[in-house]
Amino acid sequence: MRSRQKVFALTLLLLAPLLSPHLLAAEPVDIKGPDVTIIAEKERTVFEFRQGGVLRMVRVEPSWGKPYYLVPMDNTSGEVNLERAETLFPSWVLVEF
């Protein structure tokens, strides 16, 4: 009987750091990927990729031809929110590995 109490006390001591309240109240880490909105039209399908509510990428798959991405006219400005870009131009993938 005495050895059971020692084992129980030792188990509680080992598990105490894992059950501490500050670990249980920690904020969850956001590890989800981008939200994708699919807009299916007669002539094309548009995929809008958003991350944190900001439009990051637009992929257009026409019913005929190759898929393409819409990119800002001046992609060197550091503007990553495509909704704020003044003009978007199509850009095709030339080579994939």
# chains A, B, ... in the order shown; residues from 1 in each chain; ligands from 1

$ residues_around --residues "A:Ile38" --least-positions-apart "6" --cutoff "9 Å" --atoms "only C-alpha atoms" --output "PyMOL selection string"
chain A and resi 45-49

$ write_last_selection --atoms "C-alpha atoms" --output "short mmCIF file (atom, residue, chain, number, x, y, z; two decimals), in the first residue's frame"
data_model
loop_
_atom_site.label_atom_id
_atom_site.label_comp_id
_atom_site.auth_asym_id
_atom_site.auth_seq_id
_atom_site.Cartn_x
_atom_site.Cartn_y
_atom_site.Cartn_z
CA THR A 45 -13.17 28.86 -63.28
CA VAL A 46 -11.52 31.40 -60.98
CA PHE A 47 -9.67 30.39 -57.81
CA GLU A 48 -9.11 33.22 -55.29
CA PHE A 49 -6.57 32.41 -52.60
#

$ closest_residue --among "A:Pro62, A:Glu41, A:Val54, A:Pro72" --to "A:Leu88" --atoms "only C-alpha atoms"
A:Pro72

$ residues_around --residues "A:Pro90" --least-positions-apart "5" --cutoff "7 Å" --atoms "only C-alpha atoms" --output "list in words"
Tyr68, Tyr69, Leu70 and Val71 of chain A

$ atom_distance --atom1 "atom CA of A:Val95" --atom2 "atom CA of A:Asp35"
26.1 Å

$ atom_distance --atom1 "atom CA of A:Gly65" --atom2 "atom CA of A:Trp92"
10.8 Å
